[in-house]
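Below: the structure, in structure tokens.
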Amino acid sequence: MKSVLLFIVASLLAPQIFAALVKAPHTNADKIALSPFEELLQKGGQEALDEMCSQMDKNMSPLVCVKDRESMSQPGKDFLAKLSKSKESLNLDPVVLLPGLGGSGLEARIKKQSSPSWYCFKNLNWFRIWFGVNEIIAQPCWMDNLAIIYDPATGEYNNTEGVDLQPADFGGVGGVAYLDYVFGIPIPFTGVFDTMIKSLEEVGYDAGVNLVGAPYDWRYPATYANKIGWYKQLKRLIEDTYEKNGNKSVHIVTHSMGGPTANYFFSLQSDQWLSTYIKSFIPIAAPWSGAPKALRAIVSGDNFGLSFLNIDIVSRLKFRTVARQAGGVIELIPNSLLWSPNTVFVSSNQRNYTVSDWVDLFNDMGSPITATVYQTVDSILSDVTTPNVPTHCIYGYGVNTEIFYTYPDGNFDENPIIDDTDLGDGTVPLKSLQECQKFGNMQKQPVDVKEVQLVGHTEIIKDSEVIQYLLSIVTN
């Protein structure tokens with residue numbers, strides 16, 4: 001198995017490493033990453049990689065496959081062409097980007113006394129752990145370093161002893177554009193906000209100045225992120241960006257989990273602060289009342305759609321171990337804000353489990369610590385209602401979306417039979433996406449909703465129509 005994974009990773013990375021070594025001093029980096037990926041596709045891997053990209057959009061994956069980096073700025077070019085204006089004539093309000101679950105790059109520093117295997121590093125300075133493609137070939141090491149342990153006695157979340165984690169490039173865009181790089185060159189299938197960033201730059205935005213990223217440790221629930229000071233960092237970043245751009249208020253653009261994460265932040269601020277610093281809130285594909293896929297990640301695991309030739313590149317069961325104590329994942333399971341207490345999401349040969357039965361489910365699957373964590377985070381989504389800032393809600397719909405799971409033998413280690421008859425965005429059910437429609441009746445600030453038919457959960461942040469709509473907002 002390890003040899004197969006090594007072959008896959010080497011196939012993906014070797015051409016890029018070679019190109020970086022040979023061409024990096026002489027060639028634009030944007031063009032280096034394009035040709036090796038195309039070469040790999042031409043060598044017969046295109047069909048398998050296309051399937052992997054398709055599966056990524058149907059899973060909890062935050063990743064967006066990019067096969068043609070030359071066209072990434074096209075939505076920005078099209079936007080300018082329709083306006084018949086030069087980018088110099090636009091009024092560019094500052095933009096802060098918050099990604100979704102797993103969409104923030106994380107860095108790790110290791111100083112360990114022990115490790116799960118002889119080939120795992122015990123001492124290593126800051127490196128990209130999420131999503132480090134090279135980590136795939138040493139998954140016991142990877143998941144041990146990525147593990148999160150909840151202490152019920154203190155309410156603290158801890159890393160494996162000897163491991164420190166932090167968001168990558170907070171305030172820049174390197175931690176939200178791509179999740180991994182080789183010699184500074186982006187790995188194409190680790191893209192997140194890459195297409196959107198390129199289009200924003202096409203119309204005149206400057207990364208690190210009026211376009212900044214706010215990556216976060218998505219393993220933590222919003223309440224704990226606040227406890228450890230991440231929301232203070234976000235507040236400082238917004239204020240600094242405001243001041244750096246001539247006291248222009250900023251647009252907060254989020255994807256998926258980033259929506260509730262930002263919404264929780266807004267609830268911590270005064271009305272005066274919000275009216276001064278926030279121009280608008282633009283949540284894209286937000287799971288306002290959770291998503292069953294988060295539940296599946298906890299119950300039986302999720303490989304983020306990363307499989308190659310029917311081989312899992314990421315072990316769903318190993319990631320499940322992380323998810324079962326990650327409050328950030330657990331806070332995203334369906335909650336009672338929207339779902340009827342009688343709505344069944346999971347069925348086994350023993351019983352059905354509704355939105356009211358999560359503690360029973362977690363105990364029955366042999367993970368009482370998940371039940372404990374759940375009881376500390378179950379109200380996060382439902383307690384915070386409206387953002388109380390001007391809001392532009394965007395989501396896709398009409399895509400088959402998971403809504404119900406059957407484990408016929410009661411074995412939660414096996415993949416379930418999946419009912420995907422909901423017509424949400426492929427990850428978040430339609431009802432959960434549409435929850436933001438209620439904001440308009442609950443706050444004085446304006447709210448508008450843009451629905452995009454047949455656009456998936458991760459595909460939406462590279463969709464040309466969506467990006468051009470976004471540009472029309474942030475450039476006035």
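Chain lettering (A, B, ...) mirrors the order of the structure tokens, residue numbering begins at 1 for each chain separately, and ligand numbering begins at 1 in order of display.
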
Need the shell around A:Val428: protein/DNA/RNA residues with any atom at most 12 Å away, counting only C-alpha atoms. Skip same-chain ones fewer than 4 positions apart. Format as a VMD selection string? chain A and resid 57 to 60 255 to 257 284 to 295 332 to 334 395 to 403 420 422 to 424 432 to 435 455 to 458

Keeping N, CA and C atoms for every residue in the selection just given, could you write it to a file as a compact mmCIF listing (two decimals), in the first residue's frame?
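This went into again_35.txt:
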```
# COMPACT_ATOMS: atom_id res chain seq x y z
N ASP A 57 -15.10 17.37 -5.21
CA ASP A 57 -16.20 18.32 -5.14
C ASP A 57 -17.44 17.73 -4.48
N LYS A 58 -17.49 16.38 -4.38
CA LYS A 58 -18.64 15.72 -3.78
C LYS A 58 -18.40 15.36 -2.32
N ASN A 59 -17.19 15.58 -1.81
CA ASN A 59 -16.87 15.22 -0.44
C ASN A 59 -16.67 16.46 0.41
N MET A 60 -16.15 16.27 1.63
CA MET A 60 -15.90 17.39 2.53
C MET A 60 -14.68 18.19 2.10
N HIS A 255 -16.01 31.01 2.60
CA HIS A 255 -16.50 29.80 1.94
C HIS A 255 -16.84 28.78 3.00
N SER A 256 -18.00 28.14 2.86
CA SER A 256 -18.41 27.00 3.68
C SER A 256 -18.34 27.34 5.18
N MET A 257 -17.55 26.58 5.96
CA MET A 257 -17.43 26.79 7.40
C MET A 257 -16.98 28.20 7.75
N ILE A 284 -20.26 32.33 1.08
CA ILE A 284 -20.49 31.47 -0.08
C ILE A 284 -20.61 30.02 0.40
N ALA A 285 -21.73 29.37 0.06
CA ALA A 285 -21.95 27.95 0.38
C ALA A 285 -21.84 27.67 1.87
N ALA A 286 -22.44 28.51 2.70
CA ALA A 286 -22.33 28.36 4.15
C ALA A 286 -23.32 27.32 4.69
N PRO A 287 -22.86 26.43 5.57
CA PRO A 287 -23.74 25.43 6.19
C PRO A 287 -24.37 25.98 7.47
N TRP A 288 -25.36 26.84 7.34
CA TRP A 288 -25.89 27.57 8.48
C TRP A 288 -26.48 26.65 9.54
N SER A 289 -26.96 25.51 9.12
CA SER A 289 -27.50 24.56 10.10
C SER A 289 -26.84 23.20 9.95
N GLY A 290 -25.56 23.23 9.57
CA GLY A 290 -24.79 21.99 9.49
C GLY A 290 -24.97 21.24 8.19
N ALA A 291 -24.24 20.13 8.09
CA ALA A 291 -24.27 19.28 6.90
C ALA A 291 -24.04 17.83 7.31
N PRO A 292 -24.85 16.90 6.79
CA PRO A 292 -24.67 15.49 7.12
C PRO A 292 -23.27 14.96 6.81
N LYS A 293 -22.58 15.53 5.82
CA LYS A 293 -21.25 15.02 5.49
C LYS A 293 -20.28 15.15 6.66
N ALA A 294 -20.45 16.18 7.47
CA ALA A 294 -19.61 16.30 8.66
C ALA A 294 -19.89 15.14 9.60
N LEU A 295 -21.15 14.73 9.66
CA LEU A 295 -21.53 13.58 10.48
C LEU A 295 -20.88 12.31 9.96
N LEU A 332 -20.34 21.22 13.02
CA LEU A 332 -20.99 21.34 11.71
C LEU A 332 -22.00 20.24 11.42
N ILE A 333 -22.24 19.33 12.37
CA ILE A 333 -23.25 18.30 12.10
C ILE A 333 -24.64 18.94 12.20
N PRO A 334 -25.66 18.36 11.55
CA PRO A 334 -27.00 18.95 11.57
C PRO A 334 -27.49 19.22 12.99
N TYR A 395 -24.97 30.77 -2.93
CA TYR A 395 -24.85 29.31 -2.83
C TYR A 395 -25.34 28.65 -4.12
N GLY A 396 -24.87 27.44 -4.32
CA GLY A 396 -25.33 26.64 -5.45
C GLY A 396 -26.46 25.71 -5.02
N TYR A 397 -27.17 25.18 -5.98
CA TYR A 397 -28.25 24.22 -5.66
C TYR A 397 -28.51 23.34 -6.88
N GLY A 398 -29.31 22.30 -6.64
CA GLY A 398 -29.67 21.40 -7.73
C GLY A 398 -28.68 20.28 -7.95
N VAL A 399 -27.76 20.09 -7.00
CA VAL A 399 -26.75 19.04 -7.09
C VAL A 399 -27.11 17.95 -6.07
N ASN A 400 -27.08 16.70 -6.46
CA ASN A 400 -27.39 15.62 -5.52
C ASN A 400 -26.51 15.72 -4.28
N THR A 401 -27.16 15.71 -3.12
CA THR A 401 -26.48 15.99 -1.86
C THR A 401 -26.84 14.94 -0.81
N GLU A 402 -25.83 14.47 -0.08
CA GLU A 402 -26.05 13.45 0.94
C GLU A 402 -26.97 13.98 2.05
N ILE A 403 -27.92 13.11 2.45
CA ILE A 403 -28.87 13.52 3.48
C ILE A 403 -29.18 12.41 4.48
N ASP A 420 -28.52 10.37 -1.45
CA ASP A 420 -28.11 11.72 -1.85
C ASP A 420 -29.20 12.43 -2.64
N ASP A 422 -31.16 14.86 -1.64
CA ASP A 422 -31.35 16.30 -1.42
C ASP A 422 -30.73 17.05 -2.60
N LEU A 423 -31.25 18.23 -2.88
CA LEU A 423 -30.76 19.01 -4.03
C LEU A 423 -30.09 20.30 -3.56
N GLY A 424 -29.09 20.14 -2.70
CA GLY A 424 -28.29 21.26 -2.24
C GLY A 424 -27.13 21.50 -3.19
N SER A 432 -30.22 24.06 4.67
CA SER A 432 -29.15 24.69 5.44
C SER A 432 -28.57 25.88 4.70
N LEU A 433 -28.41 25.75 3.38
CA LEU A 433 -27.92 26.86 2.57
C LEU A 433 -28.88 28.04 2.59
N GLN A 434 -30.17 27.73 2.54
CA GLN A 434 -31.20 28.78 2.41
C GLN A 434 -31.50 29.49 3.72
N GLU A 435 -30.92 29.03 4.81
CA GLU A 435 -31.19 29.64 6.11
C GLU A 435 -30.88 31.14 6.11
N VAL A 455 -24.28 24.24 -9.45
CA VAL A 455 -22.88 24.52 -9.13
C VAL A 455 -22.58 23.93 -7.76
N GLY A 456 -21.49 23.12 -7.70
CA GLY A 456 -21.17 22.39 -6.49
C GLY A 456 -20.49 23.21 -5.41
N HIS A 457 -20.29 22.57 -4.28
CA HIS A 457 -19.85 23.23 -3.05
C HIS A 457 -18.46 23.86 -3.18
N THR A 458 -17.51 23.15 -3.74
CA THR A 458 -16.18 23.74 -3.92
C THR A 458 -16.03 24.39 -5.29
```

Per DSSP on the backbone, filter stretch 204-312 of chain A down to the residues in alpha helix (DSSP H) and report them as a ChimeraX atom specification. /A:222-227,230-244,258-267,271-277,292-299

Return the single residue from A:Ala297, A:Ser104, A:Ile380, A:Ser270 that is closest to A:Asn415, with distances computed using only C-alpha atoms.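 Checking each candidate against A:Asn415, we get A:Ala297 as the closest.
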
Top pick for closest residue to A:Ser86, considering A:Gly204, A:Pro221, A:Pro140, A:Gly171 and counting only C-alpha atoms: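 Under the stated criterion, the closest residue is A:Gly204.
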
note - atom CA of A:Asp93 and atom CA of A:Lys279 are separated by 8.2 Å

Identify, on the basis of only C-alpha atoms, every residue whose closest approach to A:Lys111 does not exceed 6 Å; exclude the query and any residue fewer than 4 positions from it along the same chain; express the result as a ChimeraX atom specification. /A:122-123,162

Taking N, CA, C and O atoms for each residue, export the selection above as a PDB file, in the first residue's frame.
```
ATOM      1  N   LYS A 122      10.990  13.209  14.486  1.00  0.00           N
ATOM      2  CA  LYS A 122      10.716  13.627  15.856  1.00  0.00           C
ATOM      3  C   LYS A 122      11.040  15.097  16.073  1.00  0.00           C
ATOM      4  O   LYS A 122      10.531  15.718  17.015  1.00  0.00           O
ATOM      5  N   ASN A 123      11.912  15.622  15.230  1.00  0.00           N
ATOM      6  CA  ASN A 123      12.288  17.029  15.318  1.00  0.00           C
ATOM      7  C   ASN A 123      12.273  17.642  13.922  1.00  0.00           C
ATOM      8  O   ASN A 123      12.986  17.185  13.030  1.00  0.00           O
ATOM      9  N   GLY A 162       4.514  17.597  22.020  1.00  0.00           N
ATOM     10  CA  GLY A 162       5.683  17.921  21.207  1.00  0.00           C
ATOM     11  C   GLY A 162       5.351  18.495  19.848  1.00  0.00           C
ATOM     12  O   GLY A 162       6.257  18.740  19.046  1.00  0.00           O
TER      13      GLY A 162
END
```

Exercise: A:Ile110 partners within 10 Å, only C-alpha atoms, chain neighbours under 6 positions left out, as a CSV table (one decimal) with all heavy atoms, in the first residue's frame:
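What landed in selection_25.csv:
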```csv
chain,number,residue,atom,x,y,z
A,121,PHE,N,9.5,11.8,11.6
A,121,PHE,CA,10.4,12.8,12.2
A,121,PHE,C,10.0,13.0,13.6
A,121,PHE,O,8.8,13.1,13.9
A,121,PHE,CB,10.4,14.1,11.4
A,121,PHE,CG,11.1,14.0,10.1
A,121,PHE,CD1,10.3,14.0,8.9
A,121,PHE,CD2,12.4,13.9,10.0
A,121,PHE,CE1,11.0,14.0,7.7
A,121,PHE,CE2,13.1,13.9,8.8
A,121,PHE,CZ,12.4,13.9,7.6
A,122,LYS,N,11.0,13.2,14.5
A,122,LYS,CA,10.7,13.6,15.9
A,122,LYS,C,11.0,15.1,16.1
A,122,LYS,O,10.5,15.7,17.0
A,122,LYS,CB,11.5,12.8,16.8
A,122,LYS,CG,11.1,11.3,16.9
A,122,LYS,CD,11.9,10.6,17.9
A,122,LYS,CE,11.6,9.1,17.9
A,122,LYS,NZ,12.4,8.3,18.9
A,123,ASN,N,11.9,15.6,15.2
A,123,ASN,CA,12.3,17.0,15.3
A,123,ASN,C,12.3,17.6,13.9
A,123,ASN,O,13.0,17.2,13.0
A,123,ASN,CB,13.7,17.2,15.9
A,123,ASN,CG,13.7,16.8,17.4
A,123,ASN,OD1,13.4,17.6,18.3
A,123,ASN,ND2,14.2,15.6,17.7
A,124,LEU,N,11.4,18.6,13.8
A,124,LEU,CA,11.4,19.3,12.5
A,124,LEU,C,10.8,20.7,12.7
A,124,LEU,O,9.8,20.9,13.4
A,124,LEU,CB,10.5,18.5,11.5
A,124,LEU,CG,10.5,18.8,10.0
A,124,LEU,CD1,11.9,18.6,9.5
A,124,LEU,CD2,9.5,18.0,9.2
A,125,ASN,N,11.4,21.7,12.1
A,125,ASN,CA,11.0,23.1,12.2
A,125,ASN,C,9.7,23.3,11.4
A,125,ASN,O,9.3,22.4,10.6
A,125,ASN,CB,12.1,24.1,11.9
A,125,ASN,CG,11.9,25.4,12.7
A,125,ASN,OD1,11.0,25.5,13.5
A,125,ASN,ND2,12.8,26.3,12.4
A,126,TRP,N,9.2,24.5,11.4
A,126,TRP,CA,7.9,24.8,10.7
A,126,TRP,C,7.8,24.2,9.3
A,126,TRP,O,8.7,24.5,8.5
A,126,TRP,CB,7.6,26.3,10.8
A,126,TRP,CG,7.4,26.8,12.1
A,126,TRP,CD1,8.3,27.6,12.9
A,126,TRP,CD2,6.3,26.6,13.0
A,126,TRP,NE1,7.8,27.8,14.1
A,126,TRP,CE2,6.5,27.2,14.2
A,126,TRP,CE3,5.1,25.9,12.8
A,126,TRP,CZ2,5.6,27.3,15.3
A,126,TRP,CZ3,4.2,25.9,13.9
A,126,TRP,CH2,4.5,26.6,15.1
A,127,PHE,N,6.8,23.5,9.0
A,127,PHE,CA,6.6,22.9,7.7
A,127,PHE,C,5.1,22.8,7.5
A,127,PHE,O,4.3,22.8,8.4
A,127,PHE,CB,7.2,21.5,7.5
A,127,PHE,CG,6.6,20.4,8.4
A,127,PHE,CD1,5.7,19.6,7.9
A,127,PHE,CD2,7.0,20.3,9.8
A,127,PHE,CE1,5.1,18.6,8.7
A,127,PHE,CE2,6.4,19.4,10.6
A,127,PHE,CZ,5.5,18.5,10.1
A,145,ASN,N,0.6,13.8,14.1
A,145,ASN,CA,1.0,15.2,14.2
A,145,ASN,C,-0.2,16.1,14.1
A,145,ASN,O,-0.2,17.2,14.6
A,145,ASN,CB,2.0,15.5,13.1
A,145,ASN,CG,3.4,14.9,13.4
A,145,ASN,OD1,3.7,14.5,14.5
A,145,ASN,ND2,4.1,14.6,12.3
A,160,THR,N,-0.9,16.5,19.9
A,160,THR,CA,0.0,15.5,20.3
A,160,THR,C,1.2,16.2,21.0
A,160,THR,O,1.7,17.2,20.6
A,160,THR,CB,0.5,14.6,19.2
A,160,THR,OG1,-0.6,14.0,18.5
A,160,THR,CG2,1.5,13.6,19.6
A,161,GLU,N,1.7,15.6,22.1
A,161,GLU,CA,2.8,16.2,22.9
A,161,GLU,C,4.0,16.4,22.0
A,161,GLU,O,4.4,15.5,21.2
A,161,GLU,CB,3.1,15.3,24.0
A,161,GLU,CG,4.2,15.9,25.0
A,161,GLU,CD,4.4,15.1,26.2
A,161,GLU,OE1,3.7,14.1,26.4
A,161,GLU,OE2,5.3,15.5,27.0
A,162,GLY,N,4.5,17.6,22.0
A,162,GLY,CA,5.7,17.9,21.2
A,162,GLY,C,5.4,18.5,19.8
A,162,GLY,O,6.3,18.7,19.0
A,163,VAL,N,4.1,18.7,19.6
A,163,VAL,CA,3.6,19.3,18.3
A,163,VAL,C,3.0,20.6,18.5
A,163,VAL,O,2.1,20.8,19.3
A,163,VAL,CB,2.7,18.3,17.6
A,163,VAL,CG1,2.2,18.9,16.2
A,163,VAL,CG2,3.3,17.0,17.3
A,164,ASP,N,3.4,21.6,17.7
A,164,ASP,CA,2.8,22.9,17.7
A,164,ASP,C,2.2,23.2,16.3
A,164,ASP,O,2.9,22.8,15.3
A,164,ASP,CB,3.8,24.0,18.0
A,164,ASP,CG,4.3,24.0,19.4
A,164,ASP,OD1,3.5,23.8,20.3
A,164,ASP,OD2,5.5,24.1,19.6
A,165,LEU,N,1.0,23.7,16.2
A,165,LEU,CA,0.4,24.0,14.9
A,165,LEU,C,0.0,25.5,14.9
A,165,LEU,O,-0.4,26.0,15.9
A,165,LEU,CB,-0.9,23.1,14.6
A,165,LEU,CG,-0.7,21.9,13.8
A,165,LEU,CD1,0.1,20.8,14.6
A,165,LEU,CD2,-2.0,21.3,13.4
```

Considering only C-alpha atoms, return as a count of residues only whatever protein or nucleic-acid residues lie within 10 Å of A:Asp448, sequence-local ones (same chain, fewer than 2 positions apart) excluded. 12

Can you work out which one of A:Met143, A:Ile129, A:Asp383, A:Gly366 has the shortest atom-to-atom distance to A:Asn335, counting only C-alpha atoms?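 Nearest to A:Asn335: A:Asp383.
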
I'd like to know which residues of stretch 287-439 of chain A are strand (DSSP E or B) (by DSSP, run on the backbone); could you write them as a PyMOL selection string? chain A and resi 307-308+311-312+344-348+352-354+391-397+399+401+404-407+417-419+422+425

Can you list, as a PyMOL selection string, every protein, DNA or RNA residue that comes within 10 Å of A:Gly155 when you count only C-alpha atoms, leaving out same-chain residues fewer than 4 positions away? chain A and resi 150-151+224+373+376

For atom CA of A:Tyr353 and atom CA of A:Ile369, the interatomic separation in Å (one decimal): 18.1 Å

What is the distance between atom CA of A:Tyr405 and atom CA of A:Ala323, in Å to one decimal? 17.7 Å

For A:Asp217, please output as a VMD selection string all residues within 12 Å (counting only C-alpha atoms; exclusion window: fewer than 2 positions along the same chain). chain A and resid 98 to 108 129 to 130 146 148 157 159 164 to 168 170 175 214 to 215 219 to 222 224 to 226 228 to 231 257 to 258 261 326 to 329
